[in-house]
>>> print(open('data28.pdb').read())   # PDB, C-alpha atoms
MODEL        1
ATOM      1  CA  MET E  16     106.938 -25.461-117.741
ATOM      2  CA  PHE E  17     105.536 -22.656-119.832
ATOM      3  CA  LYS E  18     107.082 -19.623-121.389
ATOM      4  CA  GLY E  19     105.194 -16.402-121.566
ATOM      5  CA  ARG E  20     104.090 -13.486-119.471
ATOM      6  CA  GLY E  21     105.063 -13.410-115.854
ATOM      7  CA  GLY E  22     108.005 -15.751-116.093
ATOM      8  CA  ARG E  23     109.478 -17.082-112.899
ATOM      9  CA  GLY E  24     109.512 -14.721-109.954
ATOM     10  CA  LYS E  25     111.657 -14.739-106.849
ATOM     11  CA  ARG E  26     109.359 -17.172-105.044
ATOM     12  CA  GLY E  27     108.898 -19.538-107.946
ATOM     13  CA  TYR E  28     105.440 -18.316-108.906
ATOM     14  CA  GLY E  29     104.535 -17.528-112.473
ATOM     15  CA  VAL E  30     101.466 -16.105-114.094
ATOM     16  CA  LYS E  31      99.854 -18.109-116.860
ATOM     17  CA  PRO E  32      97.194 -16.386-118.926
ATOM     18  CA  SER E  33      94.023 -18.428-119.300
ATOM     19  CA  GLY E  34      91.279 -16.674-121.225
ATOM     20  CA  ASN E  35      90.134 -13.598-119.318
ATOM     21  CA  CYS E  36      91.483 -14.740-115.954
ATOM     22  CA  THR E  37      94.989 -15.306-114.650
ATOM     23  CA  LYS E  38      96.107 -18.391-112.685
ATOM     24  CA  PHE E  39      99.041 -18.618-110.325
ATOM     25  CA  VAL E  40     101.176 -21.702-110.785
ATOM     26  CA  LYS E  41     103.902 -23.038-108.495
ATOM     27  CA  PHE E  42     106.919 -24.280-110.438
ATOM     28  CA  ILE E  43     108.493 -27.553-109.347
ATOM     29  CA  PRO E  44     111.360 -28.412-111.659
ATOM     30  CA  ASN E  45     111.814 -31.996-112.913
ATOM     31  CA  ILE E  46     108.910 -33.532-110.927
ATOM     32  CA  ASN E  47     105.964 -35.278-112.504
ATOM     33  CA  ILE E  48     102.456 -34.730-111.032
ATOM     34  CA  PHE E  49     102.064 -38.509-110.583
ATOM     35  CA  ASP E  50     105.257 -38.615-108.518
ATOM     36  CA  LEU E  51     103.796 -35.888-106.312
ATOM     37  CA  LEU E  52     100.600 -37.861-105.810
ATOM     38  CA  LYS E  53     102.514 -41.016-104.899
ATOM     39  CA  ARG E  54     104.670 -39.110-102.430
ATOM     40  CA  SER E  55     101.681 -37.362-100.830
ATOM     41  CA  ILE E  56      99.850 -40.676-100.443
ATOM     42  CA  LEU E  57     102.883 -42.176 -98.731
ATOM     43  CA  LEU E  58     103.260 -39.155 -96.431
ATOM     44  CA  ILE E  59      99.588 -39.072 -95.486
ATOM     45  CA  GLY E  60      99.502 -42.822 -94.874
ATOM     46  CA  TYR E  61      96.590 -43.545 -97.165
ATOM     47  CA  ASN E  62      95.012 -46.914 -96.286
ATOM     48  CA  SER E  63      97.323 -47.294 -93.308
ATOM     49  CA  PHE E  64      94.406 -48.526 -91.201
ATOM     50  CA  THR E  65      93.905 -51.586 -93.401
ATOM     51  CA  HIS E  66      97.340 -53.059 -92.733
ATOM     52  CA  SER E  67      97.278 -55.923 -90.256
ATOM     53  CA  THR E  68      99.866 -55.490 -87.538
ATOM     54  CA  GLY E  69      99.398 -58.947 -86.022
ATOM     55  CA  PRO E  70      98.534 -59.772 -82.427
ATOM     56  CA  PRO E  71      99.598 -57.308 -79.709
ATOM     57  CA  ASP E  72     102.419 -58.025 -77.280
ATOM     58  CA  LYS E  73     100.129 -57.877 -74.248
ATOM     59  CA  ILE E  74      96.555 -59.082 -74.102
ATOM     60  CA  ALA E  75      94.105 -58.830 -71.230
ATOM     61  CA  GLU E  76      91.079 -60.949 -70.422
ATOM     62  CA  MET E  77      88.055 -59.129 -71.790
ATOM     63  CA  GLY E  78      85.190 -61.421 -70.923
ATOM     64  CA  THR E  79      83.463 -64.776 -71.066
ATOM     65  CA  PHE E  80      81.283 -66.244 -73.786
ATOM     66  CA  LEU E  81      77.582 -66.468 -72.867
ATOM     67  CA  HIS E  82      75.754 -67.641 -75.995
ATOM     68  CA  ALA E  83      75.526 -67.324 -79.771
ATOM     69  CA  CYS E  84      73.054 -64.914 -81.346
ATOM     70  CA  GLU E  85      72.573 -64.568 -85.121
ATOM     71  CA  GLY E  86      76.070 -65.869 -85.793
ATOM     72  CA  ASP E  87      77.735 -63.472 -83.307
ATOM     73  CA  MET E  88      79.148 -64.174 -79.856
ATOM     74  CA  VAL E  89      77.487 -62.489 -76.879
ATOM     75  CA  CYS E  90      79.980 -62.029 -74.046
ATOM     76  CA  LEU E  91      79.941 -60.678 -70.504
ATOM     77  CA  SER E  92      82.818 -58.307 -69.756
ATOM     78  CA  THR E  93      85.070 -59.289 -66.851
ATOM     79  CA  ASN E  94      87.340 -56.272 -67.399
ATOM     80  CA  LYS E  95      86.652 -52.964 -65.644
ATOM     81  CA  LYS E  96      87.542 -51.079 -68.822
ATOM     82  CA  ILE E  97      85.398 -50.589 -71.939
ATOM     83  CA  PRO E  98      86.581 -52.017 -75.298
ATOM     84  CA  TYR E  99      86.946 -49.951 -78.466
ATOM     85  CA  PHE E 100      84.442 -50.641 -81.222
ATOM     86  CA  ASN E 101      86.020 -52.851 -83.928
ATOM     87  CA  ALA E 102      88.816 -53.891 -81.547
ATOM     88  CA  THR E 103      90.158 -57.336 -82.393
ATOM     89  CA  ILE E 104      89.236 -60.152 -79.999
ATOM     90  CA  TYR E 105      91.645 -63.041 -79.422
ATOM     91  CA  LEU E 106      91.776 -66.465 -77.855
ATOM     92  CA  GLU E 107      94.329 -67.135 -75.134
ATOM     93  CA  ASN E 108      96.878 -68.249 -77.755
ATOM     94  CA  LYS E 109      96.527 -64.818 -79.488
ATOM     95  CA  GLN E 110      94.576 -66.248 -82.420
ATOM     96  CA  SER E 111      92.255 -63.572 -83.794
ATOM     97  CA  ILE E 112      88.597 -64.655 -83.804
ATOM     98  CA  GLY E 113      86.707 -61.445 -84.578
ATOM     99  CA  LYS E 114      85.983 -57.825 -83.721
ATOM    100  CA  VAL E 115      83.856 -56.033 -81.122
ATOM    101  CA  ASP E 116      80.573 -55.172 -82.814
ATOM    102  CA  GLU E 117      78.245 -53.812 -80.109
ATOM    103  CA  ILE E 118      78.553 -52.817 -76.459
ATOM    104  CA  LEU E 119      75.454 -53.347 -74.324
ATOM    105  CA  GLY E 120      74.143 -53.037 -70.796
ATOM    106  CA  PRO E 121      74.633 -50.707 -67.861
ATOM    107  CA  MET E 122      78.056 -49.418 -66.794
ATOM    108  CA  ASN E 123      78.366 -51.885 -63.917
ATOM    109  CA  GLU E 124      77.497 -54.945 -66.059
ATOM    110  CA  VAL E 125      78.851 -54.554 -69.590
ATOM    111  CA  TYR E 126      78.061 -57.008 -72.369
ATOM    112  CA  PHE E 127      79.528 -56.964 -75.858
ATOM    113  CA  THR E 128      79.066 -58.850 -79.099
ATOM    114  CA  VAL E 129      81.833 -60.155 -81.326
ATOM    115  CA  LYS E 130      81.423 -60.296 -85.105
ATOM    116  CA  LEU E 131      83.369 -63.443 -85.972
ATOM    117  CA  GLN E 132      85.779 -63.891 -88.881
ATOM    118  CA  GLU E 133      84.912 -66.196 -91.747
ATOM    119  CA  GLY E 134      85.385 -69.846 -90.868
ATOM    120  CA  ILE E 135      84.709 -69.363 -87.134
ATOM    121  CA  VAL E 136      81.298 -70.400 -85.819
ATOM    122  CA  ALA E 137      79.861 -68.978 -82.590
ATOM    123  CA  SER E 138      78.196 -72.257 -81.662
ATOM    124  CA  SER E 139      81.625 -73.924 -81.440
ATOM    125  CA  PHE E 140      82.371 -72.020 -78.210
ATOM    126  CA  LYS E 141      81.280 -73.268 -74.794
ATOM    127  CA  PRO E 142      79.745 -71.046 -72.111
ATOM    128  CA  ASN E 143      82.388 -69.362 -69.907
ATOM    129  CA  ASP E 144      85.128 -69.643 -72.579
ATOM    130  CA  LYS E 145      87.411 -66.655 -72.104
ATOM    131  CA  VAL E 146      88.137 -64.075 -74.789
ATOM    132  CA  TYR E 147      90.978 -61.552 -74.795
ATOM    133  CA  ILE E 148      91.739 -58.099 -76.182
ATOM    134  CA  GLY E 149      94.869 -55.995 -76.718
ATOM    135  CA  GLU E 150      95.556 -53.785 -73.695
ATOM    136  CA  ASP E 151      95.848 -50.740 -75.960
ATOM    137  CA  LYS E 152      92.223 -51.187 -77.119
ATOM    138  CA  LEU E 153      90.587 -50.454 -73.745
ATOM    139  CA  LEU E 154      89.128 -47.202 -72.424
ATOM    140  CA  PRO E 155      88.820 -46.352 -68.707
ATOM    141  CA  LEU E 156      85.299 -46.295 -67.293
ATOM    142  CA  GLU E 157      85.821 -42.728 -65.990
ATOM    143  CA  ARG E 158      85.740 -41.502 -69.576
ATOM    144  CA  PHE E 159      82.022 -42.335 -69.753
ATOM    145  CA  LEU E 160      81.017 -40.941 -66.353
ATOM    146  CA  PRO E 161      79.841 -37.347 -65.920
ATOM    147  CA  LYS E 162      82.501 -34.966 -64.674
ATOM    148  CA  PRO E 163      81.820 -33.051 -61.456
ATOM    149  CA  PRO E 164      80.772 -29.446 -62.032
ATOM    150  CA  ALA E 165      83.505 -26.826 -61.824
ATOM    151  CA  PRO E 166      83.430 -24.747 -58.618
ATOM    152  CA  LYS E 167      81.622 -21.437 -59.040
ATOM    153  CA  ILE E 168      83.420 -18.248 -58.144
ATOM    154  CA  LYS E 169      81.306 -15.887 -56.058
ATOM    155  CA  ALA E 170      81.818 -12.211 -56.663
ATOM    156  CA  GLU E 171      81.462  -9.655 -53.895
ATOM    157  CA  LYS E 172      78.704  -7.137 -54.194
ATOM    158  CA  GLY E 173      79.543  -4.462 -56.740
ATOM    159  CA  GLN E 174      82.391  -6.369 -58.395
ATOM    160  CA  TRP E 175      82.564  -8.237 -61.657
ATOM    161  CA  LYS E 176      83.480 -11.917 -61.502
ATOM    162  CA  GLY E 177      86.573 -11.475 -63.643
ATOM    163  CA  SER E 178      87.995  -8.326 -62.012
ATOM    164  CA  ASN E 179      90.628  -8.329 -59.246
TER     165      ASN E 179
ENDMDL
END
>>> encode(input="data28.pdb", output="structure tokens")
Amino acid sequence: MFKGRGGRGKRGYGVKPSGNCTKFVKFIPNINIFDLLKRSILLIGYNSFTHSTGPPDKIAEMGTFLHACEGDMVCLSTNKKIPYFNATIYLENKQSIGKVDEILGPMNEVYFTVKLQEGIVASSFKPNDKVYIGEDKLLPLERFLPKPPAPKIKAEKGQWKGSN
């Protein structure tokens, strides 16, 4: 805390002279700036997306393995919903095998690729092996379809559309 012109006002603001300009400073008694940074990082949740939460409680069948391509799995979706990008893909026993990398194909026949984790080889899977996804990582197909146009309001002759 500094002593000098301005002092501490009713709202805790003081004026600290700095050359030709004046800066406003908020006083926080007995708190270190590093403590503030630590607290703000905890409140914001910095790096919260990197924490692994483990397998989800409910998983749904996402698709079947077709073939390996450049170390990735190419799968045909058997689910009517669309997976999130980077959503974790599981085996039936909820063992994580990789993440959704790309989504391909038309809306009525969706394919997706899975970027596998280290130590898992795509060629070790057999065609028609099932893969699963957490139910919270699926989007409804309607989200990707065009919405019907809003009905137009016709105005009578000589009236504005918004007037009563």
>>> closest_residue(input="data28.pdb", among="E:Phe159, E:Met77, E:Asn143, E:Lys152", to="E:Asn94", atoms="all atoms listed in the file")
E:Met77
>>> atom_distance(input="data28.pdb", atom1="atom CA of E:Asp87", atom2="atom CA of E:Leu153")
20.6 Å
>>> resolve_selection(input="data28.pdb", expression="the PyMOL selection byres ((chain E and resi 84-86) around 8)", output="list of chain:residue names")
E:His82, E:Ala83, E:Asp87, E:Met88, E:Val89, E:Lys130, E:Leu131, E:Val136, E:Ala137, E:Ser138
>>> atom_distance(input="data28.pdb", atom1="atom CA of E:Pro142", atom2="atom CA of E:Pro70")
24.2 Å
>>> resolve_selection(input="data28.pdb", expression="the PyMOL selection byres ((chain E and resi 96) around 12)", output="list in words")
Ala75, Glu76, Met77, Gly78, Ser92, Thr93, Asn94, Lys95, Ile97, Pro98, Tyr99, Ile118, Met122, Asn123, Glu124, Val125, Tyr126, Ile148, Gly149, Glu150, Asp151, Lys152, Leu153, Leu154, Pro155, Leu156, Glu157, Arg158 and Phe159 of chain E
>>> atom_distance(input="data28.pdb", atom1="atom CA of E:Gly120", atom2="atom CA of E:Pro164")
26.0 Å
>>> residues_near_point(input="data28.pdb", point="(90.4, -62.7, -84.8)", cutoff="12 Å", atoms="only C-alpha atoms", output="ChimeraX atom specification")
/E:67,69-71,101-115,129-136,146-149
>>> closest_residue(input="data28.pdb", among="E:Pro161, E:Pro121, E:Ile168, E:Phe140", to="E:Phe80", atoms="all atoms listed in the file")
E:Phe140
>>> residues_around(input="data28.pdb", residues="E:Glu117", least_positions_apart="3", cutoff="8 Å", atoms="only C-alpha atoms", output="list in words")
Phe100, Phe127, Thr128 and Val129 of chain E
